[in-house]
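Visitor: Provided herewith: query_36.pdb, PDB, C-alpha atoms and all ligand atoms.
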ATOM      1  CA  MET A  20     -84.249 -44.103 167.693
ATOM      2  CA  ASP A  21     -82.982 -43.957 171.296
ATOM      3  CA  GLU A  22     -82.955 -47.696 171.565
ATOM      4  CA  LEU A  23     -79.870 -49.815 171.403
ATOM      5  CA  VAL A  24     -80.347 -51.961 168.334
ATOM      6  CA  ILE A  25     -77.907 -54.751 167.591
ATOM      7  CA  LYS A  26     -78.241 -56.437 164.237
ATOM      8  CA  ASP A  27     -76.608 -59.669 163.105
ATOM      9  CA  LEU A  28     -73.468 -59.034 165.116
ATOM     10  CA  HIS A  29     -70.435 -61.205 164.407
ATOM     11  CA  VAL A  30     -67.436 -60.614 166.633
ATOM     12  CA  ASN A  31     -63.985 -62.199 166.561
ATOM     13  CA  VAL A  32     -61.685 -62.408 169.546
ATOM     14  CA  GLU A  33     -58.086 -63.368 168.800
ATOM     15  CA  GLY A  34     -59.184 -64.651 165.415
ATOM     16  CA  LYS A  35     -61.981 -66.819 166.765
ATOM     17  CA  GLU A  36     -65.634 -66.069 166.073
ATOM     18  CA  ILE A  37     -67.396 -65.664 169.433
ATOM     19  CA  LEU A  38     -70.577 -63.800 168.543
ATOM     20  CA  LYS A  39     -72.241 -65.451 165.572
ATOM     21  CA  GLY A  40     -75.079 -63.310 164.338
ATOM     22  CA  LEU A  41     -76.510 -61.838 167.509
ATOM     23  CA  SER A  42     -79.495 -59.516 167.292
ATOM     24  CA  LEU A  43     -80.976 -57.692 170.264
ATOM     25  CA  THR A  44     -82.817 -54.488 171.127
ATOM     26  CA  VAL A  45     -82.761 -52.653 174.443
ATOM     27  CA  LYS A  46     -85.427 -49.979 174.790
ATOM     28  CA  LYS A  47     -85.214 -46.937 177.005
ATOM     29  CA  GLY A  48     -87.088 -47.329 180.253
ATOM     30  CA  GLN A  49     -86.647 -51.088 180.024
ATOM     31  CA  VAL A  50     -84.568 -53.714 181.715
ATOM     32  CA  ALA A  51     -83.515 -56.401 179.273
ATOM     33  CA  ALA A  52     -81.905 -59.394 180.932
ATOM     34  CA  LEU A  53     -79.289 -61.371 179.039
ATOM     35  CA  MET A  54     -78.730 -64.826 180.476
ATOM     36  CA  GLY A  55     -76.528 -67.638 179.296
ATOM     37  CA  PRO A  56     -74.054 -70.336 180.241
ATOM     38  CA  ASN A  57     -70.431 -69.429 180.953
ATOM     39  CA  GLY A  58     -68.485 -68.829 177.776
ATOM     40  CA  SER A  59     -71.569 -68.087 175.667
ATOM     41  CA  GLY A  60     -70.345 -64.585 174.760
ATOM     42  CA  LYS A  61     -72.070 -62.282 177.266
ATOM     43  CA  SER A  62     -68.972 -60.333 178.263
ATOM     44  CA  THR A  63     -67.833 -60.320 174.645
ATOM     45  CA  LEU A  64     -71.052 -58.522 173.742
ATOM     46  CA  ALA A  65     -70.564 -56.018 176.574
ATOM     47  CA  TYR A  66     -66.968 -55.241 175.576
ATOM     48  CA  THR A  67     -67.929 -54.975 171.923
ATOM     49  CA  ILE A  68     -70.677 -52.444 172.644
ATOM     50  CA  MET A  69     -68.174 -50.359 174.617
ATOM     51  CA  GLY A  70     -65.564 -50.540 171.859
ATOM     52  CA  HIS A  71     -62.842 -52.592 173.491
ATOM     53  CA  PRO A  72     -60.036 -52.836 170.905
ATOM     54  CA  GLY A  73     -59.579 -56.615 171.239
ATOM     55  CA  TYR A  74     -63.075 -57.307 169.940
ATOM     56  CA  GLU A  75     -63.299 -57.154 166.183
ATOM     57  CA  ILE A  76     -66.681 -56.628 164.569
ATOM     58  CA  ALA A  77     -66.554 -58.813 161.476
ATOM     59  CA  LYS A  78     -70.146 -58.097 160.506
ATOM     60  CA  GLY A  79     -73.272 -56.418 161.810
ATOM     61  CA  GLU A  80     -74.353 -53.147 163.335
ATOM     62  CA  ILE A  81     -74.844 -51.594 166.771
ATOM     63  CA  TRP A  82     -77.204 -48.626 166.531
ATOM     64  CA  PHE A  83     -77.655 -46.046 169.267
ATOM     65  CA  LYS A  84     -78.916 -42.492 168.921
ATOM     66  CA  GLY A  85     -78.754 -42.641 165.157
ATOM     67  CA  LYS A  86     -75.144 -43.793 165.020
ATOM     68  CA  ASN A  87     -73.606 -47.146 164.285
ATOM     69  CA  LEU A  88     -71.366 -47.532 167.331
ATOM     70  CA  ALA A  89     -69.052 -49.753 165.312
ATOM     71  CA  GLN A  90     -67.852 -46.512 163.739
ATOM     72  CA  VAL A  91     -67.632 -44.477 166.939
ATOM     73  CA  GLU A  92     -64.515 -44.284 169.167
ATOM     74  CA  ALA A  93     -64.797 -45.859 172.616
ATOM     75  CA  ASP A  94     -64.541 -42.578 174.568
ATOM     76  CA  GLU A  95     -67.204 -41.038 172.339
ATOM     77  CA  ARG A  96     -69.507 -43.995 173.066
ATOM     78  CA  SER A  97     -69.133 -43.200 176.737
ATOM     79  CA  ARG A  98     -69.917 -39.523 176.107
ATOM     80  CA  MET A  99     -73.006 -40.651 174.188
ATOM     81  CA  GLY A 100     -74.244 -42.107 177.459
ATOM     82  CA  VAL A 101     -73.293 -45.745 177.131
ATOM     83  CA  PHE A 102     -71.995 -47.220 180.359
ATOM     84  CA  LEU A 103     -70.458 -50.578 181.177
ATOM     85  CA  SER A 104     -70.142 -52.025 184.623
ATOM     86  CA  PHE A 105     -67.348 -54.576 184.390
ATOM     87  CA  GLN A 106     -67.600 -58.180 185.489
ATOM     88  CA  TYR A 107     -64.062 -57.819 186.834
ATOM     89  CA  PRO A 108     -63.537 -54.196 187.962
ATOM     90  CA  GLN A 109     -59.941 -52.976 187.716
ATOM     91  CA  VAL A 110     -57.821 -51.425 190.428
ATOM     92  CA  VAL A 111     -56.689 -47.863 189.675
ATOM     93  CA  SER A 112     -53.791 -47.248 192.043
ATOM     94  CA  GLY A 113     -52.950 -43.708 193.075
ATOM     95  CA  VAL A 114     -56.344 -42.278 192.065
ATOM     96  CA  SER A 115     -58.956 -41.689 194.724
ATOM     97  CA  LEU A 116     -62.471 -42.851 194.007
ATOM     98  CA  SER A 117     -63.801 -39.326 194.298
ATOM     99  CA  ASN A 118     -61.222 -37.900 191.857
ATOM    100  CA  PHE A 119     -61.806 -40.770 189.488
ATOM    101  CA  LEU A 120     -65.558 -40.161 189.418
ATOM    102  CA  ARG A 121     -65.213 -36.386 189.146
ATOM    103  CA  THR A 122     -62.846 -36.798 186.198
ATOM    104  CA  ALA A 123     -65.342 -39.152 184.558
ATOM    105  CA  VAL A 124     -68.166 -36.639 185.024
ATOM    106  CA  ASN A 125     -66.068 -33.770 183.680
ATOM    107  CA  ALA A 126     -65.031 -35.803 180.654
ATOM    108  CA  ARG A 127     -68.653 -35.631 179.595
ATOM    109  CA  ARG A 128     -69.015 -31.885 180.131
ATOM    110  CA  PRO A 129     -67.682 -29.002 178.069
ATOM    111  CA  GLU A 130     -64.035 -28.305 178.969
ATOM    112  CA  ASP A 131     -64.795 -24.812 180.317
ATOM    113  CA  ASP A 132     -67.661 -25.992 182.494
ATOM    114  CA  PRO A 133     -66.429 -28.566 185.010
ATOM    115  CA  VAL A 134     -68.773 -29.639 187.785
ATOM    116  CA  PRO A 135     -68.245 -27.379 190.852
ATOM    117  CA  VAL A 136     -66.238 -29.334 193.430
ATOM    118  CA  VAL A 137     -68.670 -28.633 196.283
ATOM    119  CA  ASP A 138     -71.705 -29.702 194.245
ATOM    120  CA  PHE A 139     -69.952 -32.858 193.176
ATOM    121  CA  ALA A 140     -68.954 -33.741 196.742
ATOM    122  CA  LYS A 141     -72.550 -33.321 197.915
ATOM    123  CA  GLN A 142     -73.901 -35.458 195.066
ATOM    124  CA  LEU A 143     -71.324 -38.124 195.706
ATOM    125  CA  ARG A 144     -72.149 -38.248 199.417
ATOM    126  CA  GLU A 145     -75.854 -38.710 198.676
ATOM    127  CA  LYS A 146     -75.237 -41.451 196.160
ATOM    128  CA  MET A 147     -72.801 -43.271 198.408
ATOM    129  CA  GLU A 148     -75.390 -43.171 201.144
ATOM    130  CA  MET A 149     -78.015 -44.618 198.813
ATOM    131  CA  LEU A 150     -75.683 -47.516 197.988
ATOM    132  CA  LYS A 151     -74.611 -47.942 201.605
ATOM    133  CA  ILE A 152     -70.967 -47.266 200.824
ATOM    134  CA  ASP A 153     -68.833 -45.981 203.699
ATOM    135  CA  PRO A 154     -68.016 -42.278 202.941
ATOM    136  CA  ALA A 155     -64.354 -43.026 203.714
ATOM    137  CA  PHE A 156     -64.196 -44.935 200.418
ATOM    138  CA  ALA A 157     -64.286 -41.622 198.522
ATOM    139  CA  GLY A 158     -60.681 -41.041 199.565
ATOM    140  CA  ARG A 159     -59.446 -44.560 198.862
ATOM    141  CA  TYR A 160     -57.773 -45.625 195.646
ATOM    142  CA  VAL A 161     -60.232 -47.075 193.146
ATOM    143  CA  ASN A 162     -60.917 -50.726 193.977
ATOM    144  CA  GLU A 163     -57.589 -51.156 195.811
ATOM    145  CA  GLY A 164     -58.188 -53.657 198.582
ATOM    146  CA  PHE A 165     -61.960 -53.535 197.983
ATOM    147  CA  SER A 166     -63.859 -56.762 198.554
ATOM    148  CA  GLY A 167     -65.810 -58.246 195.653
ATOM    149  CA  GLY A 168     -69.039 -56.730 196.972
ATOM    150  CA  GLU A 169     -67.440 -53.321 197.502
ATOM    151  CA  LYS A 170     -66.141 -53.327 193.931
ATOM    152  CA  LYS A 171     -69.608 -54.076 192.558
ATOM    153  CA  ARG A 172     -71.193 -51.346 194.669
ATOM    154  CA  THR A 173     -68.541 -48.983 193.397
ATOM    155  CA  GLU A 174     -69.505 -49.880 189.827
ATOM    156  CA  ILE A 175     -73.110 -48.987 190.565
ATOM    157  CA  LEU A 176     -71.938 -45.773 192.257
ATOM    158  CA  GLN A 177     -70.175 -44.923 189.021
ATOM    159  CA  MET A 178     -73.418 -45.545 187.171
ATOM    160  CA  ALA A 179     -75.297 -43.350 189.672
ATOM    161  CA  VAL A 180     -72.847 -40.510 189.182
ATOM    162  CA  LEU A 181     -72.621 -40.727 185.393
ATOM    163  CA  GLU A 182     -76.373 -41.144 184.818
ATOM    164  CA  PRO A 183     -75.988 -43.070 181.558
ATOM    165  CA  GLU A 184     -78.720 -43.552 178.983
ATOM    166  CA  MET A 185     -77.759 -47.120 178.223
ATOM    167  CA  ALA A 186     -76.266 -49.116 181.055
ATOM    168  CA  ILE A 187     -74.745 -52.543 180.542
ATOM    169  CA  LEU A 188     -74.265 -54.388 183.799
ATOM    170  CA  ASP A 189     -72.055 -57.428 183.317
ATOM    171  CA  GLU A 190     -72.674 -59.921 186.114
ATOM    172  CA  THR A 191     -72.918 -57.202 188.709
ATOM    173  CA  ASP A 192     -74.585 -59.807 190.896
ATOM    174  CA  SER A 193     -71.799 -62.383 190.840
ATOM    175  CA  GLY A 194     -69.943 -62.840 194.094
ATOM    176  CA  LEU A 195     -72.376 -60.758 196.128
ATOM    177  CA  ASP A 196     -73.819 -61.980 199.385
ATOM    178  CA  ILE A 197     -77.544 -61.509 199.805
ATOM    179  CA  ASP A 198     -77.315 -58.116 201.565
ATOM    180  CA  ALA A 199     -74.928 -56.689 198.996
ATOM    181  CA  LEU A 200     -77.132 -58.106 196.235
ATOM    182  CA  ARG A 201     -80.177 -56.345 197.688
ATOM    183  CA  THR A 202     -78.305 -53.080 198.023
ATOM    184  CA  VAL A 203     -77.051 -53.255 194.452
ATOM    185  CA  ALA A 204     -80.502 -54.214 193.152
ATOM    186  CA  GLU A 205     -82.163 -51.383 195.090
ATOM    187  CA  GLY A 206     -79.579 -49.030 193.649
ATOM    188  CA  VAL A 207     -80.375 -50.185 190.121
ATOM    189  CA  ASN A 208     -84.118 -49.819 190.776
ATOM    190  CA  ARG A 209     -83.644 -46.287 192.104
ATOM    191  CA  LEU A 210     -81.524 -45.291 189.108
ATOM    192  CA  LYS A 211     -83.833 -46.891 186.581
ATOM    193  CA  SER A 212     -85.824 -44.299 184.691
ATOM    194  CA  GLU A 213     -87.728 -43.665 181.510
ATOM    195  CA  LYS A 214     -84.550 -42.181 180.113
ATOM    196  CA  MET A 215     -82.369 -45.188 180.728
ATOM    197  CA  GLY A 216     -82.176 -48.596 179.135
ATOM    198  CA  ILE A 217     -80.493 -51.377 181.069
ATOM    199  CA  LEU A 218     -78.940 -54.536 179.686
ATOM    200  CA  LEU A 219     -78.610 -56.727 182.734
ATOM    201  CA  ILE A 220     -76.210 -59.569 182.043
ATOM    202  CA  THR A 221     -76.406 -62.430 184.470
ATOM    203  CA  HIS A 222     -75.714 -66.110 184.778
ATOM    204  CA  TYR A 223     -78.176 -66.634 187.625
ATOM    205  CA  GLN A 224     -81.754 -65.467 187.914
ATOM    206  CA  ARG A 225     -81.235 -64.425 191.570
ATOM    207  CA  ILE A 226     -80.865 -60.698 190.886
ATOM    208  CA  LEU A 227     -84.044 -60.800 188.775
ATOM    209  CA  ASN A 228     -85.999 -61.428 191.982
ATOM    210  CA  TYR A 229     -85.132 -57.853 192.884
ATOM    211  CA  VAL A 230     -84.817 -56.136 189.510
ATOM    212  CA  THR A 231     -87.772 -57.167 187.366
ATOM    213  CA  PRO A 232     -86.807 -57.591 183.726
ATOM    214  CA  ASP A 233     -89.169 -56.475 180.970
ATOM    215  CA  VAL A 234     -87.689 -59.068 178.668
ATOM    216  CA  VAL A 235     -85.305 -62.009 179.034
ATOM    217  CA  HIS A 236     -82.955 -63.128 176.274
ATOM    218  CA  VAL A 237     -80.951 -66.322 176.384
ATOM    219  CA  ILE A 238     -77.580 -66.470 174.647
ATOM    220  CA  VAL A 239     -75.940 -69.749 173.716
ATOM    221  CA  LYS A 240     -72.759 -69.994 171.631
ATOM    222  CA  GLY A 241     -72.861 -66.394 170.490
ATOM    223  CA  ARG A 242     -76.489 -66.203 169.445
ATOM    224  CA  ILE A 243     -79.813 -65.362 171.075
ATOM    225  CA  VAL A 244     -81.671 -68.656 171.101
ATOM    226  CA  LYS A 245     -84.715 -67.737 173.171
ATOM    227  CA  THR A 246     -86.598 -64.643 174.255
ATOM    228  CA  GLY A 247     -89.383 -64.416 176.770
ATOM    229  CA  GLY A 248     -90.724 -62.746 179.883
ATOM    230  CA  LYS A 249     -89.493 -63.084 183.412
ATOM    231  CA  GLU A 250     -90.960 -66.584 183.632
ATOM    232  CA  LEU A 251     -88.230 -67.712 181.248
ATOM    233  CA  ALA A 252     -85.650 -66.723 183.875
ATOM    234  CA  LEU A 253     -87.519 -68.761 186.479
ATOM    235  CA  LYS A 254     -87.531 -71.784 184.217
ATOM    236  CA  LEU A 255     -83.759 -71.431 183.781
ATOM    237  CA  GLU A 256     -83.369 -71.216 187.541
ATOM    238  CA  GLU A 257     -85.317 -74.392 187.969
ATOM    239  CA  LYS A 258     -83.999 -76.439 185.072
ATOM    240  CA  GLY A 259     -80.620 -74.922 184.257
ATOM    241  CA  TYR A 260     -79.514 -74.393 180.665
ATOM    242  CA  ASP A 261     -79.495 -78.041 179.626
ATOM    243  CA  TRP A 262     -83.040 -78.164 178.317
ATOM    244  CA  ILE A 263     -82.325 -75.264 175.974
ATOM    245  CA  LEU A 264     -79.218 -77.003 174.671
ATOM    246  CA  LYS A 265     -81.279 -80.177 174.112
ATOM    247  CA  GLU A 266     -83.972 -78.236 172.282
ATOM    248  CA  LEU A 267     -81.329 -76.729 170.055
ATOM    249  CA  GLU A 268     -79.838 -80.145 169.321
ATOM    250  CA  GLN A 269     -83.262 -81.481 168.422
ATOM    251  CA  ALA A 270     -83.933 -78.559 166.131
ATOM    252  CA  ALA A 271     -80.578 -79.022 164.415
ATOM    253  CA  LYS A 272     -81.151 -82.724 163.665
ATOM    254  CA  PRO A 273     -82.512 -83.602 160.264
ATOM    255  CA  LEU A 274     -86.066 -84.954 160.488
ATOM    256  CA  ALA A 275     -85.848 -88.466 161.850
ATOM    257  CA  ARG A 276     -87.340 -91.244 159.774
ATOM    258  CA  PRO A 277     -90.423 -92.765 161.287
ATOM    259  CA  LYS A 278     -89.455 -95.882 163.221
ATOM    260  CA  LYS A 279     -90.565 -99.252 161.914
ATOM    261  CA  ARG A 280     -92.696-101.154 164.351
TER
HETATM  262  P1  LIG B   1     -69.406 -65.167 179.105
HETATM  263  O1  LIG B   1     -69.255 -63.760 179.558
HETATM  264  O2  LIG B   1     -70.755 -65.480 178.550
HETATM  265  O3  LIG B   1     -69.008 -66.164 180.154
HETATM  266  P2  LIG B   1     -67.238 -64.515 177.323
HETATM  267  O4  LIG B   1     -67.765 -63.485 176.402
HETATM  268  O5  LIG B   1     -66.355 -64.044 178.426
HETATM  269  O6  LIG B   1     -68.422 -65.412 177.874
HETATM  270  O7  LIG B   1     -66.395 -65.581 176.486
HETATM  271  C1  LIG B   1     -66.911 -66.207 175.323
HETATM  272  C2  LIG B   1     -65.825 -67.025 174.666
HETATM  273  O8  LIG B   1     -64.820 -66.165 174.157
HETATM  274  C3  LIG B   1     -65.112 -67.975 175.592
HETATM  275  O9  LIG B   1     -64.873 -69.177 174.884
HETATM  276  C4  LIG B   1     -63.812 -67.270 175.913
HETATM  277  O10 LIG B   1     -62.794 -68.187 176.187
HETATM  278  C5  LIG B   1     -63.551 -66.496 174.652
HETATM  279  N1  LIG B   1     -62.863 -65.226 174.949
HETATM  280  C6  LIG B   1     -63.413 -64.138 175.498
HETATM  281  N2  LIG B   1     -62.527 -63.139 175.649
HETATM  282  C7  LIG B   1     -61.374 -63.633 175.178
HETATM  283  C8  LIG B   1     -60.048 -63.098 175.054
HETATM  284  N3  LIG B   1     -59.769 -61.866 175.429
HETATM  285  N4  LIG B   1     -59.116 -63.885 174.507
HETATM  286  C9  LIG B   1     -59.404 -65.142 174.099
HETATM  287  N5  LIG B   1     -60.626 -65.683 174.190
HETATM  288  C10 LIG B   1     -61.581 -64.959 174.724
HETATM  289 MG    MG B   2     -68.788 -62.864 181.364
END
Would you encode the structure as structure tokens?
Ligand code: ADP
Ligand code: MG
Guide:
Amino acid sequence: MDELVIKDLHVNVEGKEILKGLSLTVKKGQVAALMGPNGSGKSTLAYTIMGHPGYEIAKGEIWFKGKNLAQVEADERSRMGVFLSFQYPQVVSGVSLSNFLRTAVNARRPEDDPVPVVDFAKQLREKMEMLKIDPAFAGRYVNEGFSGGEKKRTEILQMAVLEPEMAILDETDSGLDIDALRTVAEGVNRLKSEKMGILLITHYQRILNYVTPDVVHVIVKGRIVKTGGKELALKLEEKGYDWILKELEQAAKPLARPKKR
């Protein structure tokens, strides 16, 4: 019931079908990795789960906590504990990181019970320390002038502060140098709990050396074409995506006639 269950999802973007019958389950307490070539629909899936208005669900269901998210407003999805870390985090000028995060926390609490400012500041300091983020960043405008790595750490800080139940991390590893990657991965491992499911979207298997996936799904052209354990990710690392594409081509061909000798 607390799982994220996606069934036969078809999604159109600007009139073009991008997800073509995708089914996937993410269990609580699990890390499900979603890997696939560029343009296969990974970010489309992430945006669709969060309720981005440009992504039209033509068919299918997204179940979480007994509700079909397709029928739930985007801000309500966030209050239900669904969190998305963006592949391309946005700059929010004029809003300090600490105010931004406090507002996000309060948006999920009853209006008459905001988090006490002192408690929040203490929590934020601890979490920034865990993610090795300079405390001075709390006073800076969200993502303004942040390096790629700093933006990604900030995304994970947001996750640490919001404590979601279903976290979707869209290529949080891309553009990170090895130290930043380790820090981010450690952060994810520390935050991981029985109460949280994680959909870890990645193009490369590199981050999976640090965050061990319970299951690996491969998406190609808007569909899951393979599911396996972490060894599947290693095979992709070694051989790339080509062999999967070839397998798919083979499977799609009508049975070849036996050759005459
Ligand atoms: P991935 O994250 O796996 O690289 P995306 O989900 O970003 O793939 O993109 C899948 C396909 O959908 C691509 O062909 C991309 O060009 C198209 N697409 C995604 N978002 C948009 C958009 N906002 N407008 C037009 N096309 C889009
Ligand atoms: Mg993407």
Visitor: Find, counting all atoms listed in the file, the residue in A:Ala89, A:Ile226, A:Ala52, A:Ala204 that gets nearest to Val30 of chain A.
Guide: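 For Val30 of chain A, the nearest of the given residues is A:Ala89.
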Visitor: Between A:Leu253, A:Val207, A:Leu41, A:Val50, which residue has the minimum interatomic distance to Thr63 of chain A, considering only C-alpha atoms?
Guide: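 Using only C-alpha atoms, the shortest distance to Thr63 of chain A belongs to A:Leu41.
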Visitor: Please return, as a list of chain:residue names, all polymer residues that have at least one atom within 10 Å of the point (-68.7, -63.4, 169.5); use all atoms listed in the file and the file's own coordinate frame.
Guide: A:Leu28, A:His29, A:Val30, A:Asn31, A:Val32, A:Lys35, A:Glu36, A:Ile37, A:Leu38, A:Lys39, A:Gly40, A:Leu41, A:Gly58, A:Ser59, A:Gly60, A:Lys61, A:Ser62, A:Thr63, A:Leu64, A:Thr67, A:Tyr74, A:Glu75, A:Ile76, A:Ala77, A:Lys240, A:Gly241, A:Arg242
Visitor: Between A:Gln106, A:Thr122, A:Gln49, A:Thr173, which has the minimum distance to ligand LIG 1 (chain B) (counting all atoms listed in the file)?
Guide: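 Among the listed residues, the smallest separation from ligand LIG 1 (chain B) belongs to A:Gln106.
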Visitor: Can you sort out the box for segment 174-189 of chain A, edges along x, y and z, all listed atoms in, 5 Å on every side, with centre and edge lengths in Å to one decimal, as lines of an AutoDock Vina configuration file?
Guide:
center_x = -74.1
center_y = -49.0
center_z = 185.2
size_x = 19.2
size_y = 26.9
size_z = 24.0
Visitor: Which residue gives the smallest distance to ligand MG 2 (chain B) among A:Leu264, A:Ile220, A:Leu150, A:Leu251, with all atoms listed in the file counted?
Guide: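 Among the listed residues, the smallest separation from ligand MG 2 (chain B) belongs to A:Ile220.
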Visitor: Name the residues that the PyMOL selection byres (((chain A and resi 217) around 7) and not hetatm) pulls out of this structure, and write them as a list in words.
Guide: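 When the PyMOL selection byres (((chain A and resi 217) around 7) and not hetatm) is applied to the shown file, the picked residues are Gln49, Val50, Ala51, Met185, Ala186, Ile187, Met215, Gly216, Leu218 and Leu219 of chain A.
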Visitor: Atom CA of Lys245 of chain A to atom CA of Ala270 of chain A: how many Å, to one decimal?
Guide: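 Result for atom CA of Lys245 of chain A versus atom CA of Ala270 of chain A: 12.9 Å, one decimal.
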Visitor: Let me make sure I understand: among A:Asp27, A:Glu268, A:Glu148, A:Glu33, which one has the smallest atom-to-atom distance to ligand LIG 1 (chain B) if we use only C-alpha atoms and all ligand atoms?
Guide: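 Going through A:Asp27, A:Glu268, A:Glu148, A:Glu33 one by one, the smallest distance to ligand LIG 1 (chain B) is for A:Glu33.
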Visitor: The PyMOL selection byres (((chain A and resi 236) around 10) and not hetatm) on the file shown: which residues, as a PyMOL selection string?
Guide: chain A and resi 43+51-55+220+234-235+237-239+242-249+251-252
Visitor: Taking (-88.0, -54.2, 190.7) as a centre in this file's frame and 12 Å as the limit, can you find every polymer residue with an atom that close, using only C-alpha atoms, and give them as number ranges by chain?
Guide: A: 49-50, 201, 203-212, 226-233, 249
Visitor: Dump C-alpha atoms for the selected residues as a tab-separated table (two decimals), keeping the file's coordinate frame?
Guide:
chain	number	residue	atom	x	y	z
A	49	GLN	CA	-86.65	-51.09	180.02
A	50	VAL	CA	-84.57	-53.71	181.72
A	201	ARG	CA	-80.18	-56.34	197.69
A	203	VAL	CA	-77.05	-53.26	194.45
A	204	ALA	CA	-80.50	-54.21	193.15
A	205	GLU	CA	-82.16	-51.38	195.09
A	206	GLY	CA	-79.58	-49.03	193.65
A	207	VAL	CA	-80.38	-50.18	190.12
A	208	ASN	CA	-84.12	-49.82	190.78
A	209	ARG	CA	-83.64	-46.29	192.10
A	210	LEU	CA	-81.52	-45.29	189.11
A	211	LYS	CA	-83.83	-46.89	186.58
A	212	SER	CA	-85.82	-44.30	184.69
A	226	ILE	CA	-80.86	-60.70	190.89
A	227	LEU	CA	-84.04	-60.80	188.78
A	228	ASN	CA	-86.00	-61.43	191.98
A	229	TYR	CA	-85.13	-57.85	192.88
A	230	VAL	CA	-84.82	-56.14	189.51
A	231	THR	CA	-87.77	-57.17	187.37
A	232	PRO	CA	-86.81	-57.59	183.73
A	233	ASP	CA	-89.17	-56.48	180.97
A	249	LYS	CA	-89.49	-63.08	183.41
